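Participant: This one is coords.txt, compact mmCIF, C-alpha atoms.
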# COMPACT_ATOMS: atom_id res chain seq x y z
CA MET X 1 -47.07 20.96 -22.75
CA GLY X 2 -50.68 21.25 -21.71
CA LYS X 3 -52.49 20.64 -18.48
CA GLY X 4 -54.12 17.24 -18.27
CA ALA X 5 -57.28 16.07 -16.57
CA PHE X 6 -55.35 14.94 -13.48
CA GLU X 7 -54.75 18.60 -12.76
CA THR X 8 -57.82 20.24 -14.26
CA GLN X 9 -60.43 17.53 -13.52
CA VAL X 10 -61.87 18.32 -16.96
CA TYR X 11 -62.37 15.44 -19.39
CA ARG X 12 -62.88 16.34 -23.01
CA ASN X 13 -66.00 14.98 -24.73
CA ALA X 14 -64.80 14.81 -28.34
CA PHE X 15 -68.12 13.43 -29.54
CA ALA X 16 -70.05 16.36 -28.08
CA GLU X 17 -67.56 18.81 -29.57
CA ALA X 18 -68.19 17.17 -32.95
CA GLY X 19 -71.91 17.87 -32.61
CA TYR X 20 -73.29 14.57 -31.36
CA PRO X 21 -76.02 15.07 -28.71
CA VAL X 22 -74.88 14.31 -25.17
CA THR X 23 -78.03 12.28 -24.53
CA GLU X 24 -77.23 10.11 -27.56
CA ILE X 25 -73.61 9.70 -26.45
CA GLU X 26 -74.64 8.58 -22.98
CA LYS X 27 -77.28 6.26 -24.39
CA ARG X 28 -74.72 4.67 -26.68
CA LYS X 29 -72.29 4.23 -23.78
CA GLU X 30 -74.91 2.38 -21.75
CA GLU X 31 -75.88 0.23 -24.72
CA ILE X 32 -72.27 -0.83 -25.28
CA PHE X 33 -71.92 -1.91 -21.66
CA GLN X 34 -75.20 -3.80 -21.72
CA THR X 35 -74.27 -5.57 -24.95
CA LEU X 36 -70.83 -6.67 -23.71
CA PHE X 37 -72.06 -7.72 -20.28
CA TYR X 38 -75.70 -8.72 -20.69
CA GLY X 39 -76.31 -9.13 -24.42
CA SER X 40 -77.19 -12.36 -26.19
CA GLU X 41 -74.82 -15.32 -26.24
CA GLU X 42 -73.61 -14.07 -29.63
CA GLU X 43 -72.87 -10.60 -28.20
CA ARG X 44 -71.71 -10.72 -24.60
CA ILE X 45 -68.24 -11.53 -23.31
CA TYR X 46 -69.11 -11.37 -19.58
CA HIS X 47 -70.36 -14.57 -17.93
CA PRO X 48 -71.55 -14.76 -14.29
CA VAL X 49 -70.55 -17.87 -12.32
CA GLY X 50 -72.61 -18.83 -9.28
CA ASP X 51 -73.61 -16.15 -6.80
CA ASP X 52 -70.46 -14.07 -6.68
CA MET X 53 -68.02 -14.66 -9.55
CA ALA X 54 -67.78 -14.00 -13.30
CA TYR X 55 -65.27 -14.15 -16.13
CA MET X 56 -64.64 -12.33 -19.39
CA GLU X 57 -64.27 -14.71 -22.32
CA ASP X 58 -61.74 -14.25 -25.09
CA THR X 59 -64.20 -15.47 -27.69
CA GLY X 60 -61.49 -15.98 -30.29
CA ASN X 61 -59.53 -18.39 -28.09
CA HIS X 62 -62.31 -19.55 -25.75
CA ASP X 63 -60.38 -18.86 -22.57
CA ALA X 64 -60.21 -16.22 -19.86
CA ARG X 65 -57.11 -14.03 -19.83
CA THR X 66 -55.72 -11.56 -17.34
CA GLU X 67 -55.94 -9.01 -20.15
CA GLY X 68 -59.70 -9.47 -20.46
CA MET X 69 -60.38 -9.88 -16.75
CA SER X 70 -58.55 -6.68 -15.89
CA TYR X 71 -60.12 -4.88 -18.84
CA GLY X 72 -63.53 -5.94 -17.58
CA MET X 73 -62.72 -4.60 -14.12
CA MET X 74 -61.63 -1.26 -15.59
CA MET X 75 -64.86 -1.07 -17.59
CA CYS X 76 -66.87 -1.74 -14.43
CA VAL X 77 -65.15 0.83 -12.26
CA GLN X 78 -65.54 3.45 -14.99
CA MET X 79 -69.24 2.57 -15.27
CA ASP X 80 -69.78 2.39 -11.48
CA LYS X 81 -70.69 -1.31 -11.60
CA LYS X 82 -69.40 -2.63 -8.29
CA GLU X 83 -71.17 -6.00 -8.31
CA GLU X 84 -69.73 -6.97 -11.70
CA PHE X 85 -66.30 -5.66 -10.67
CA ASP X 86 -66.27 -7.77 -7.51
CA ARG X 87 -67.42 -10.87 -9.37
CA LEU X 88 -64.58 -10.55 -11.88
CA TRP X 89 -61.99 -9.84 -9.21
CA LYS X 90 -63.05 -12.83 -7.11
CA TRP X 91 -62.86 -15.15 -10.17
CA ALA X 92 -59.40 -13.84 -11.02
CA ARG X 93 -58.21 -14.08 -7.41
CA THR X 94 -59.71 -17.59 -7.04
CA TYR X 95 -58.55 -19.22 -10.27
CA MET X 96 -55.76 -17.10 -11.76
CA TYR X 97 -53.73 -16.06 -8.73
CA LEU X 98 -50.47 -17.97 -8.29
CA ASN X 99 -49.80 -18.90 -4.68
CA GLU X 100 -46.53 -20.76 -5.22
CA GLY X 101 -43.65 -21.19 -7.62
CA GLU X 102 -41.42 -18.61 -9.22
CA ASN X 103 -44.43 -16.56 -10.32
CA ALA X 104 -46.12 -16.52 -6.91
CA GLY X 105 -47.97 -13.25 -6.42
CA TYR X 106 -48.70 -12.88 -10.13
CA PHE X 107 -51.70 -14.16 -12.09
CA ALA X 108 -51.74 -17.00 -14.63
CA TRP X 109 -52.29 -15.20 -17.91
CA SER X 110 -54.73 -17.78 -19.35
CA CYS X 111 -57.30 -20.10 -17.80
CA GLN X 112 -59.95 -22.37 -19.19
CA LEU X 113 -63.50 -21.20 -18.64
CA ASP X 114 -63.88 -23.58 -15.69
CA GLY X 115 -60.91 -21.92 -14.01
CA THR X 116 -58.26 -24.53 -14.84
CA LYS X 117 -54.94 -22.82 -15.51
CA ASN X 118 -53.62 -23.08 -19.07
CA SER X 119 -50.30 -21.58 -18.01
CA TYR X 120 -48.34 -20.74 -14.89
CA GLY X 121 -46.75 -17.76 -16.58
CA ALA X 122 -47.86 -14.16 -16.20
CA ALA X 123 -48.42 -11.33 -18.69
CA PRO X 124 -47.64 -7.83 -17.36
CA ASP X 125 -50.45 -6.07 -19.22
CA GLY X 126 -52.93 -7.88 -17.00
CA GLU X 127 -51.14 -6.99 -13.77
CA GLU X 128 -50.92 -3.28 -14.52
CA PHE X 129 -54.64 -3.09 -15.41
CA PHE X 130 -55.54 -5.11 -12.29
CA ALA X 131 -53.61 -2.67 -10.11
CA MET X 132 -55.05 0.47 -11.70
CA SER X 133 -58.65 -0.75 -11.61
CA LEU X 134 -58.20 -1.76 -7.95
CA PHE X 135 -56.93 1.69 -7.01
CA PHE X 136 -59.86 3.30 -8.80
CA ALA X 137 -62.27 0.92 -7.04
CA SER X 138 -60.76 1.84 -3.69
CA HIS X 139 -61.20 5.54 -4.37
CA ARG X 140 -64.67 5.23 -5.87
CA TRP X 141 -66.27 2.71 -3.55
CA GLY X 142 -64.01 2.38 -0.51
CA ASN X 143 -62.12 -0.68 0.68
CA GLY X 144 -63.65 -3.88 2.00
CA SER X 145 -61.98 -6.79 3.75
CA GLY X 146 -59.83 -9.62 2.47
CA ILE X 147 -59.37 -9.57 -1.29
CA PHE X 148 -61.81 -6.65 -1.44
CA ASN X 149 -59.37 -4.39 0.35
CA TYR X 150 -58.72 -3.03 -3.11
CA GLU X 151 -55.96 -0.60 -2.15
CA LYS X 152 -53.90 -3.20 -0.29
CA GLU X 153 -54.29 -5.69 -3.14
CA ALA X 154 -53.09 -3.12 -5.67
CA LYS X 155 -50.09 -2.12 -3.57
CA GLU X 156 -49.06 -5.69 -2.92
CA LEU X 157 -49.34 -6.60 -6.59
CA LEU X 158 -47.23 -3.66 -7.71
CA HIS X 159 -44.65 -4.40 -5.03
CA THR X 160 -44.37 -7.96 -6.31
CA CYS X 161 -44.13 -6.76 -9.92
CA ILE X 162 -40.98 -4.72 -9.33
CA HIS X 163 -39.24 -6.68 -6.53
CA LYS X 164 -39.27 -10.23 -7.89
CA GLY X 165 -35.77 -11.63 -8.05
CA GLU X 166 -34.40 -9.55 -5.19
CA ASN X 167 -32.93 -11.06 -2.00
CA GLN X 168 -33.56 -14.71 -2.84
CA ASN X 169 -37.08 -13.86 -3.98
CA PRO X 170 -37.67 -16.35 -6.83
CA GLY X 171 -38.83 -15.32 -10.27
CA ARG X 172 -38.30 -12.19 -12.32
CA ALA X 173 -39.70 -8.69 -12.09
CA MET X 174 -42.16 -7.43 -14.67
CA TRP X 175 -40.17 -4.23 -15.13
CA ASP X 176 -36.47 -4.19 -15.93
CA ALA X 177 -34.78 -2.69 -12.87
CA ASN X 178 -32.18 -0.85 -14.93
CA ASN X 179 -34.10 0.76 -17.76
CA LYS X 180 -37.50 0.82 -15.99
CA LEU X 181 -39.22 -0.67 -19.05
CA ILE X 182 -42.01 -3.22 -18.80
CA ARG X 183 -41.23 -6.66 -20.19
CA PHE X 184 -43.38 -8.56 -22.68
CA ILE X 185 -43.37 -11.46 -20.21
CA THR X 186 -41.15 -11.97 -17.19
CA ASP X 187 -38.96 -14.53 -18.96
CA VAL X 188 -37.66 -12.21 -21.68
CA ASP X 189 -35.72 -8.99 -22.13
CA PHE X 190 -37.78 -7.20 -24.73
CA SER X 191 -41.03 -5.30 -24.57
CA ASP X 192 -44.42 -4.70 -26.17
CA PRO X 193 -45.07 -1.02 -26.92
CA SER X 194 -48.78 -1.43 -26.21
CA TYR X 195 -47.98 -2.44 -22.61
CA HIS X 196 -46.52 1.00 -21.86
CA LEU X 197 -49.02 2.97 -19.78
CA PRO X 198 -47.19 6.03 -18.40
CA HIS X 199 -50.52 7.52 -17.29
CA PHE X 200 -50.97 4.52 -14.99
CA TYR X 201 -47.38 4.72 -13.74
CA GLU X 202 -47.86 8.39 -12.82
CA LEU X 203 -50.68 7.33 -10.54
CA PHE X 204 -48.78 4.30 -9.21
CA GLY X 205 -46.04 6.80 -8.37
CA ARG X 206 -48.51 8.54 -6.08
CA TRP X 207 -50.51 5.60 -4.69
CA ALA X 208 -48.17 2.56 -4.48
CA TYR X 209 -46.26 1.73 -1.31
CA GLU X 210 -44.10 4.75 -0.51
CA GLU X 211 -40.87 2.85 -1.17
CA ASP X 212 -42.11 1.92 -4.66
CA ARG X 213 -43.32 5.33 -5.80
CA ALA X 214 -40.04 6.68 -7.16
CA PHE X 215 -39.65 3.62 -9.37
CA PHE X 216 -43.00 4.15 -11.06
CA LEU X 217 -42.44 7.85 -11.61
CA GLU X 218 -39.17 6.94 -13.32
CA ALA X 219 -41.01 4.23 -15.29
CA ALA X 220 -43.48 6.84 -16.56
CA LYS X 221 -40.64 8.96 -17.94
CA ALA X 222 -38.87 5.91 -19.37
CA SER X 223 -42.00 4.69 -21.13
CA ARG X 224 -42.70 8.07 -22.72
CA GLU X 225 -39.18 8.12 -24.13
CA TYR X 226 -39.46 4.49 -25.21
CA LEU X 227 -42.64 5.15 -27.16
CA LYS X 228 -40.84 7.87 -29.11
CA SER X 229 -38.29 5.31 -30.24
CA ALA X 230 -40.85 2.56 -30.91
CA CYS X 231 -43.22 4.66 -33.06
CA HIS X 232 -42.08 5.35 -36.62
CA PRO X 233 -41.28 9.06 -37.16
CA VAL X 234 -43.31 9.25 -40.39
CA THR X 235 -46.18 6.75 -40.11
CA GLY X 236 -46.60 6.69 -36.33
CA LEU X 237 -46.85 2.89 -36.45
CA CYS X 238 -45.10 0.58 -33.97
CA ALA X 239 -44.45 -3.14 -33.86
CA GLU X 240 -46.31 -5.60 -31.66
CA TYR X 241 -43.09 -6.59 -29.88
CA ALA X 242 -40.05 -4.34 -29.71
CA ASN X 243 -36.54 -4.40 -28.31
CA TYR X 244 -35.54 -2.11 -25.48
CA ASP X 245 -34.23 0.39 -28.03
CA GLY X 246 -37.69 0.50 -29.64
CA SER X 247 -36.73 -1.40 -32.80
CA PRO X 248 -39.10 -4.15 -33.94
CA TYR X 249 -38.41 -7.53 -32.35
CA THR X 250 -37.74 -9.97 -35.19
CA GLU X 251 -36.53 -13.11 -33.41
CA GLY X 252 -38.24 -16.25 -32.15
CA GLN X 253 -41.03 -16.53 -34.70
CA GLU X 254 -41.23 -20.26 -34.02
CA ILE X 255 -41.65 -19.55 -30.29
CA TRP X 256 -44.23 -16.78 -30.57
CA GLY X 257 -46.39 -18.29 -33.30
CA GLY X 258 -45.18 -16.13 -36.16
CA ARG X 259 -43.85 -12.64 -36.66
CA HIS X 260 -44.62 -9.73 -34.35
CA ASP X 261 -42.42 -7.03 -35.85
CA TRP X 262 -45.37 -5.47 -37.71
CA TYR X 263 -48.31 -3.21 -36.98
CA TYR X 264 -50.83 -5.84 -35.98
CA SER X 265 -53.26 -6.66 -33.18
CA ASP X 266 -51.38 -5.74 -29.97
CA ALA X 267 -49.93 -2.66 -31.61
CA TYR X 268 -53.31 -0.99 -32.13
CA ARG X 269 -53.53 -0.25 -28.42
CA THR X 270 -50.43 1.92 -28.42
CA ILE X 271 -51.94 5.06 -29.92
CA GLY X 272 -54.93 4.82 -27.59
CA ASN X 273 -52.58 4.68 -24.61
CA ILE X 274 -50.57 7.64 -25.88
CA ALA X 275 -53.74 9.68 -26.32
CA LEU X 276 -55.08 8.83 -22.86
CA ASP X 277 -51.72 9.61 -21.26
CA TYR X 278 -51.67 13.06 -22.82
CA ALA X 279 -55.32 13.67 -21.98
CA TRP X 280 -54.66 12.86 -18.34
CA PHE X 281 -51.22 14.39 -17.82
CA GLY X 282 -50.27 16.54 -20.83
CA ALA X 283 -46.67 15.58 -20.23
CA ASP X 284 -45.15 15.81 -23.71
CA ASP X 285 -46.53 17.49 -26.83
CA TRP X 286 -44.86 14.77 -28.90
CA ALA X 287 -48.04 12.78 -28.24
CA ILE X 288 -50.09 15.20 -30.36
CA LEU X 289 -47.66 14.92 -33.26
CA GLU X 290 -47.71 11.13 -32.95
CA ALA X 291 -51.52 11.00 -32.99
CA GLU X 292 -51.68 13.24 -36.03
CA ARG X 293 -49.03 11.36 -38.01
CA LEU X 294 -50.75 8.02 -37.39
CA GLN X 295 -54.10 9.42 -38.50
CA ARG X 296 -52.43 10.99 -41.54
CA PHE X 297 -51.06 7.58 -42.49
CA PHE X 298 -54.48 5.93 -42.36
CA CYS X 299 -56.48 8.80 -43.86
CA GLU X 300 -54.08 10.21 -46.48
CA THR X 301 -51.18 7.87 -47.20
CA LEU X 302 -53.03 4.55 -47.43
CA ALA X 303 -55.30 3.86 -50.36
CA GLU X 304 -58.88 3.16 -49.25
CA GLU X 305 -58.63 -0.53 -50.18
CA ASN X 306 -55.58 -0.97 -47.91
CA ARG X 307 -57.03 0.46 -44.70
CA ASN X 308 -57.88 -2.94 -43.28
CA GLY X 309 -54.46 -4.49 -43.64
CA ILE X 310 -51.18 -5.46 -42.04
CA TYR X 311 -48.24 -3.07 -42.22
CA ALA X 312 -44.54 -2.86 -41.60
CA ILE X 313 -43.91 0.08 -39.31
CA ASP X 314 -42.59 2.13 -42.24
CA GLY X 315 -46.03 1.78 -43.82
CA THR X 316 -45.29 -0.98 -46.31
CA VAL X 317 -48.51 -2.88 -46.97
CA LEU X 318 -47.97 -6.59 -46.27
CA ASP X 319 -49.97 -9.63 -47.31
CA GLY X 320 -53.07 -10.40 -45.32
CA LYS X 321 -55.90 -8.58 -43.60
CA ALA X 322 -56.22 -7.25 -40.07
CA LEU X 323 -57.50 -9.83 -37.59
CA HIS X 324 -59.16 -7.05 -35.58
CA PRO X 325 -60.29 -4.31 -37.99
CA VAL X 326 -62.84 -2.79 -35.61
CA ALA X 327 -60.17 -2.43 -32.94
CA MET X 328 -58.01 -0.50 -35.40
CA ILE X 329 -60.88 1.85 -36.26
CA ALA X 330 -61.51 2.41 -32.55
CA THR X 331 -57.94 3.22 -31.59
CA ASN X 332 -57.41 5.41 -34.66
CA ALA X 333 -60.40 7.38 -33.39
CA GLN X 334 -59.09 7.47 -29.83
CA ALA X 335 -56.17 9.47 -31.21
CA SER X 336 -58.76 12.20 -31.90
CA LEU X 337 -58.83 12.81 -28.15
CA ILE X 338 -55.65 14.84 -28.67
CA ALA X 339 -55.29 15.25 -32.46
CA GLU X 340 -56.87 18.09 -34.41
CA GLY X 341 -57.90 18.72 -38.00
CA ALA X 342 -59.75 16.95 -40.79
CA ASN X 343 -58.20 13.53 -40.15
CA ALA X 344 -59.19 13.63 -36.49
CA ALA X 345 -62.76 14.46 -37.47
CA ALA X 346 -62.82 11.73 -40.11
CA CYS X 347 -61.54 9.06 -37.71
CA LEU X 348 -64.07 10.08 -35.09
CA LYS X 349 -66.92 9.95 -37.60
CA LYS X 350 -65.88 6.55 -38.91
CA PHE X 351 -65.77 5.17 -35.37
CA TRP X 352 -69.19 6.59 -34.49
CA GLU X 353 -70.65 4.95 -37.57
CA THR X 354 -68.97 1.57 -36.89
CA PRO X 355 -71.02 -0.91 -34.82
CA LEU X 356 -69.64 -3.35 -32.28
CA ARG X 357 -68.13 -6.43 -33.84
CA THR X 358 -70.03 -9.70 -33.89
CA GLY X 359 -68.76 -13.26 -34.23
CA ASP X 360 -65.99 -15.27 -32.62
CA ARG X 361 -63.35 -12.54 -32.81
CA ARG X 362 -65.47 -9.86 -31.14
CA TYR X 363 -63.73 -9.89 -27.73
CA TYR X 364 -60.57 -7.91 -28.47
CA ASP X 365 -62.20 -5.51 -30.94
CA ASN X 366 -65.07 -4.69 -28.60
CA CYS X 367 -62.85 -4.19 -25.55
CA LEU X 368 -60.81 -1.59 -27.43
CA TYR X 369 -64.03 -0.19 -28.88
CA PHE X 370 -65.47 0.42 -25.41
CA PHE X 371 -62.29 1.96 -24.04
CA ALA X 372 -62.11 4.29 -27.04
CA PHE X 373 -65.75 5.25 -26.60
CA LEU X 374 -65.26 5.94 -22.90
CA ALA X 375 -62.20 8.09 -23.59
CA LEU X 376 -63.75 10.06 -26.45
CA SER X 377 -66.92 10.74 -24.46
CA GLY X 378 -65.04 12.03 -21.41
CA ASN X 379 -65.94 8.95 -19.39
CA TYR X 380 -62.51 7.30 -18.96
CA GLN X 381 -61.60 9.08 -15.77
CA ILE X 382 -59.16 9.06 -12.87
CA TYR X 383 -60.75 8.08 -9.56
Would you kindly transcribe this structure into structure tokens?
Facilitator:
Amino acid sequence: MGKGAFETQVYRNAFAEAGYPVTEIEKRKEEIFQTLFYGSEEERIYHPVGDDMAYMEDTGNHDARTEGMSYGMMMCVQMDKKEEFDRLWKWARTYMYLNEGENAGYFAWSCQLDGTKNSYGAAPDGEEFFAMSLFFASHRWGNGSGIFNYEKEAKELLHTCIHKGENQNPGRAMWDANNKLIRFITDVDFSDPSYHLPHFYELFGRWAYEEDRAFFLEAAKASREYLKSACHPVTGLCAEYANYDGSPYTEGQEIWGGRHDWYYSDAYRTIGNIALDYAWFGADDWAILEAERLQRFFCETLAEENRNGIYAIDGTVLDGKALHPVAMIATNAQASLIAEGANAAACLKKFWETPLRTGDRRYYDNCLYFFAFLALSGNYQIY
């Protein structure tokens, strides 16, 4: 095991190591932010509302999701953009926060662009990104009052996430109390490998309410073990949804709008999370092997004409094309944060030469693109 950035305070700049000029890397980083937040109507995904709010639009579905709102907040705190951060947080807290019902204390996972809730259910990937970005905001900018007491908001949210359902508290927790694994949504007992963020849980285990810290440290260990079972031992691929034993979740296709037992949109995030976890904490060298086997699959096993496809986790090429091909390129490259060798260099080069996506489906691709760029340039940091 290696020492991660949490201990060393050193963040690897893989682009600079590959020979790209630091001035060009920093310029590109700023350009990406400006495009996503202040580009043309065909480019941006950030939309200010009035004097003090804003939302991130899922341009493929024309709604605002806790995923995108929390992603936007993480982008802003990494880029030291407090005004934009506060605007997004106020919109989320105003329109998405659930004050009553069994999901009180969570956030409605989808809202219309005018703030009307599309659902009263919550998606845990949004909550965990909200909490982490709030902690970083607290440490980078200090706490304000009310909803801008970032630290208190983060602690309260995490407390709710793991204590729902206890002592006549209605609703269900976002983490299973027994196995410490995050649920896909609170109503079910299976998971989504891309939701597993052990690097966040390590920090929650230091910064949450004292009585909640042990849980999150255990969750970090549980998630690292879970990812080993969810990622295929040869290809490195995982399914979008997976059972608690890591096997692909094959049920309920009529409920979830089709199959999710394949390597498809959600699943792309998993390798990026694994790479960032190892970069920050260096907890388990398995992460390096996983990054290298996934890059080997895309660079060596797959024929060139199949590298924009849909796959079973054993690598079988299925019918259809990737809905988010730029996102896949970005996360394959993010694995180069910890992988070595020719495949790591090739994935990094391909990402550098790939522009931001345009068109209706740009939201998801470009969010993962920016996170990958921040990580690979040493700018996705712990605050």
Participant: So which residues touch Phe184 in chain X within 8 Å, counting only C-alpha atoms, skipping near sequence neighbours fewer than 3 positions away, as a count of residues only?
Facilitator: 9
Participant: Could you jot down the CA of Arg296 in chain X to CA of Leu237 in chain X separation for me, Å, one decimal place?
Facilitator: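 Spanning CA of Arg296 in chain X to CA of Leu237 in chain X is a straight-line distance of 11.1 Å.
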Participant: Could you pull the residues within 7 Å of range 59-75 of chain X, counting all atoms listed in the file, minus those fewer than 3 positions along the same chain, as number ranges by chain?
Facilitator: X: 55-56, 78-79, 85, 88, 109-113, 125-126, 129-130, 133, 360-363
Participant: Filtering to C-alpha atoms, could you give me those residues as a JSON list (two decimals), keeping the file's coordinate frame?
Facilitator:
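Saved file selection39.json follows:
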[["chain", "number", "residue", "atom", "x", "y", "z"],
["X", 55, "TYR", "CA", -65.27, -14.15, -16.13],
["X", 56, "MET", "CA", -64.64, -12.33, -19.39],
["X", 78, "GLN", "CA", -65.54, 3.45, -14.99],
["X", 79, "MET", "CA", -69.24, 2.57, -15.27],
["X", 85, "PHE", "CA", -66.30, -5.66, -10.67],
["X", 88, "LEU", "CA", -64.58, -10.55, -11.88],
["X", 109, "TRP", "CA", -52.29, -15.20, -17.91],
["X", 110, "SER", "CA", -54.73, -17.78, -19.35],
["X", 111, "CYS", "CA", -57.30, -20.10, -17.80],
["X", 112, "GLN", "CA", -59.95, -22.37, -19.19],
["X", 113, "LEU", "CA", -63.50, -21.20, -18.64],
["X", 125, "ASP", "CA", -50.45, -6.07, -19.22],
["X", 126, "GLY", "CA", -52.93, -7.88, -17.00],
["X", 129, "PHE", "CA", -54.64, -3.09, -15.41],
["X", 130, "PHE", "CA", -55.54, -5.11, -12.29],
["X", 133, "SER", "CA", -58.65, -0.75, -11.61],
["X", 360, "ASP", "CA", -65.99, -15.27, -32.62],
["X", 361, "ARG", "CA", -63.35, -12.54, -32.81],
["X", 362, "ARG", "CA", -65.47, -9.86, -31.14],
["X", 363, "TYR", "CA", -63.73, -9.89, -27.73]]
Participant: Is it possible to get the axis-aligned box enclosing range 310-313 of chain X (all listed atoms, 3 Å extra per side) as AutoDock Vina command-line options, with centre and edge lengths in Å rounded to one decimal?
Facilitator:
--center_x -47.5 --center_y -2.7 --center_z -40.8 --size_x 13.3 --size_y 11.5 --size_z 8.9
Participant: Name the closest residue to Leu323 in chain X among the candidates X:Gly282, X:Gly144, X:Gly309, X:Pro198; distances are taken between atoms, counting all atoms listed in the file.
Facilitator: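 Among the listed residues, X:Gly309 lies closest to Leu323 in chain X.
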Participant: Show me, as a list of chain:residue names, the residues that have an atom within 8 Å of Lys180 in chain X when counting all atoms listed in the file, minus same-chain residues fewer than 4 positions from it.
Facilitator: X:Trp175, X:Asp176, X:Phe215, X:Glu218, X:Ala219, X:Ala222, X:Ser223
Participant: Report as a compact mmCIF listing (two decimals) with C-alpha atoms, keeping the file's coordinate frame all protein, DNA and RNA residues lying within 12 Å of range 376-378 of chain X, evaluated on all atoms listed in the file, omitting residues in the same chain fewer than 4 positions from it.
Facilitator:
# COMPACT_ATOMS: atom_id res chain seq x y z
CA ALA X 5 -57.28 16.07 -16.57
CA GLN X 9 -60.43 17.53 -13.52
CA VAL X 10 -61.87 18.32 -16.96
CA TYR X 11 -62.37 15.44 -19.39
CA ARG X 12 -62.88 16.34 -23.01
CA ASN X 13 -66.00 14.98 -24.73
CA ALA X 14 -64.80 14.81 -28.34
CA PHE X 15 -68.12 13.43 -29.54
CA ALA X 16 -70.05 16.36 -28.08
CA GLU X 17 -67.56 18.81 -29.57
CA ALA X 18 -68.19 17.17 -32.95
CA GLY X 19 -71.91 17.87 -32.61
CA TYR X 20 -73.29 14.57 -31.36
CA PRO X 21 -76.02 15.07 -28.71
CA VAL X 22 -74.88 14.31 -25.17
CA THR X 23 -78.03 12.28 -24.53
CA GLU X 24 -77.23 10.11 -27.56
CA ILE X 25 -73.61 9.70 -26.45
CA GLU X 26 -74.64 8.58 -22.98
CA LYS X 27 -77.28 6.26 -24.39
CA ARG X 28 -74.72 4.67 -26.68
CA LYS X 29 -72.29 4.23 -23.78
CA GLU X 30 -74.91 2.38 -21.75
CA GLN X 78 -65.54 3.45 -14.99
CA GLY X 272 -54.93 4.82 -27.59
CA ALA X 275 -53.74 9.68 -26.32
CA LEU X 276 -55.08 8.83 -22.86
CA ALA X 279 -55.32 13.67 -21.98
CA TRP X 280 -54.66 12.86 -18.34
CA ALA X 330 -61.51 2.41 -32.55
CA THR X 331 -57.94 3.22 -31.59
CA ASN X 332 -57.41 5.41 -34.66
CA ALA X 333 -60.40 7.38 -33.39
CA GLN X 334 -59.09 7.47 -29.83
CA ALA X 335 -56.17 9.47 -31.21
CA SER X 336 -58.76 12.20 -31.90
CA LEU X 337 -58.83 12.81 -28.15
CA ILE X 338 -55.65 14.84 -28.67
CA ALA X 339 -55.29 15.25 -32.46
CA ALA X 344 -59.19 13.63 -36.49
CA ALA X 345 -62.76 14.46 -37.47
CA CYS X 347 -61.54 9.06 -37.71
CA LEU X 348 -64.07 10.08 -35.09
CA LYS X 349 -66.92 9.95 -37.60
CA PHE X 351 -65.77 5.17 -35.37
CA TRP X 352 -69.19 6.59 -34.49
CA TYR X 369 -64.03 -0.19 -28.88
CA PHE X 370 -65.47 0.42 -25.41
CA PHE X 371 -62.29 1.96 -24.04
CA ALA X 372 -62.11 4.29 -27.04
CA ILE X 382 -59.16 9.06 -12.87
Participant: Record the distance separating CA of Glu292 in chain X and CA of Ala239 in chain X, expressed in Å with one decimal.
Facilitator: 18.0 Å
Participant: How many Å lie between CA of Gly105 in chain X and CA of Val49 in chain X, rounded to one decimal?
Facilitator: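 Computing it gives 23.8 Å between the two atoms.
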Participant: For Trp141 in chain X, find every residue with an atom within 12 Å (counting all atoms listed in the file), except residues of its own chain fewer than 2 positions away, and show them as a tab-separated table (two decimals) with C-alpha atoms, in the coordinates of the input.
Facilitator:
chain	number	residue	atom	x	y	z
X	76	CYS	CA	-66.87	-1.74	-14.43
X	77	VAL	CA	-65.15	0.83	-12.26
X	78	GLN	CA	-65.54	3.45	-14.99
X	80	ASP	CA	-69.78	2.39	-11.48
X	81	LYS	CA	-70.69	-1.31	-11.60
X	82	LYS	CA	-69.40	-2.63	-8.29
X	83	GLU	CA	-71.17	-6.00	-8.31
X	85	PHE	CA	-66.30	-5.66	-10.67
X	86	ASP	CA	-66.27	-7.77	-7.51
X	133	SER	CA	-58.65	-0.75	-11.61
X	134	LEU	CA	-58.20	-1.76	-7.95
X	135	PHE	CA	-56.93	1.69	-7.01
X	136	PHE	CA	-59.86	3.30	-8.80
X	137	ALA	CA	-62.27	0.92	-7.04
X	138	SER	CA	-60.76	1.84	-3.69
X	139	HIS	CA	-61.20	5.54	-4.37
X	143	ASN	CA	-62.12	-0.68	0.68
X	144	GLY	CA	-63.65	-3.88	2.00
X	148	PHE	CA	-61.81	-6.65	-1.44
X	149	ASN	CA	-59.37	-4.39	0.35
X	150	TYR	CA	-58.72	-3.03	-3.11
X	151	GLU	CA	-55.96	-0.60	-2.15
X	383	TYR	CA	-60.75	8.08	-9.56
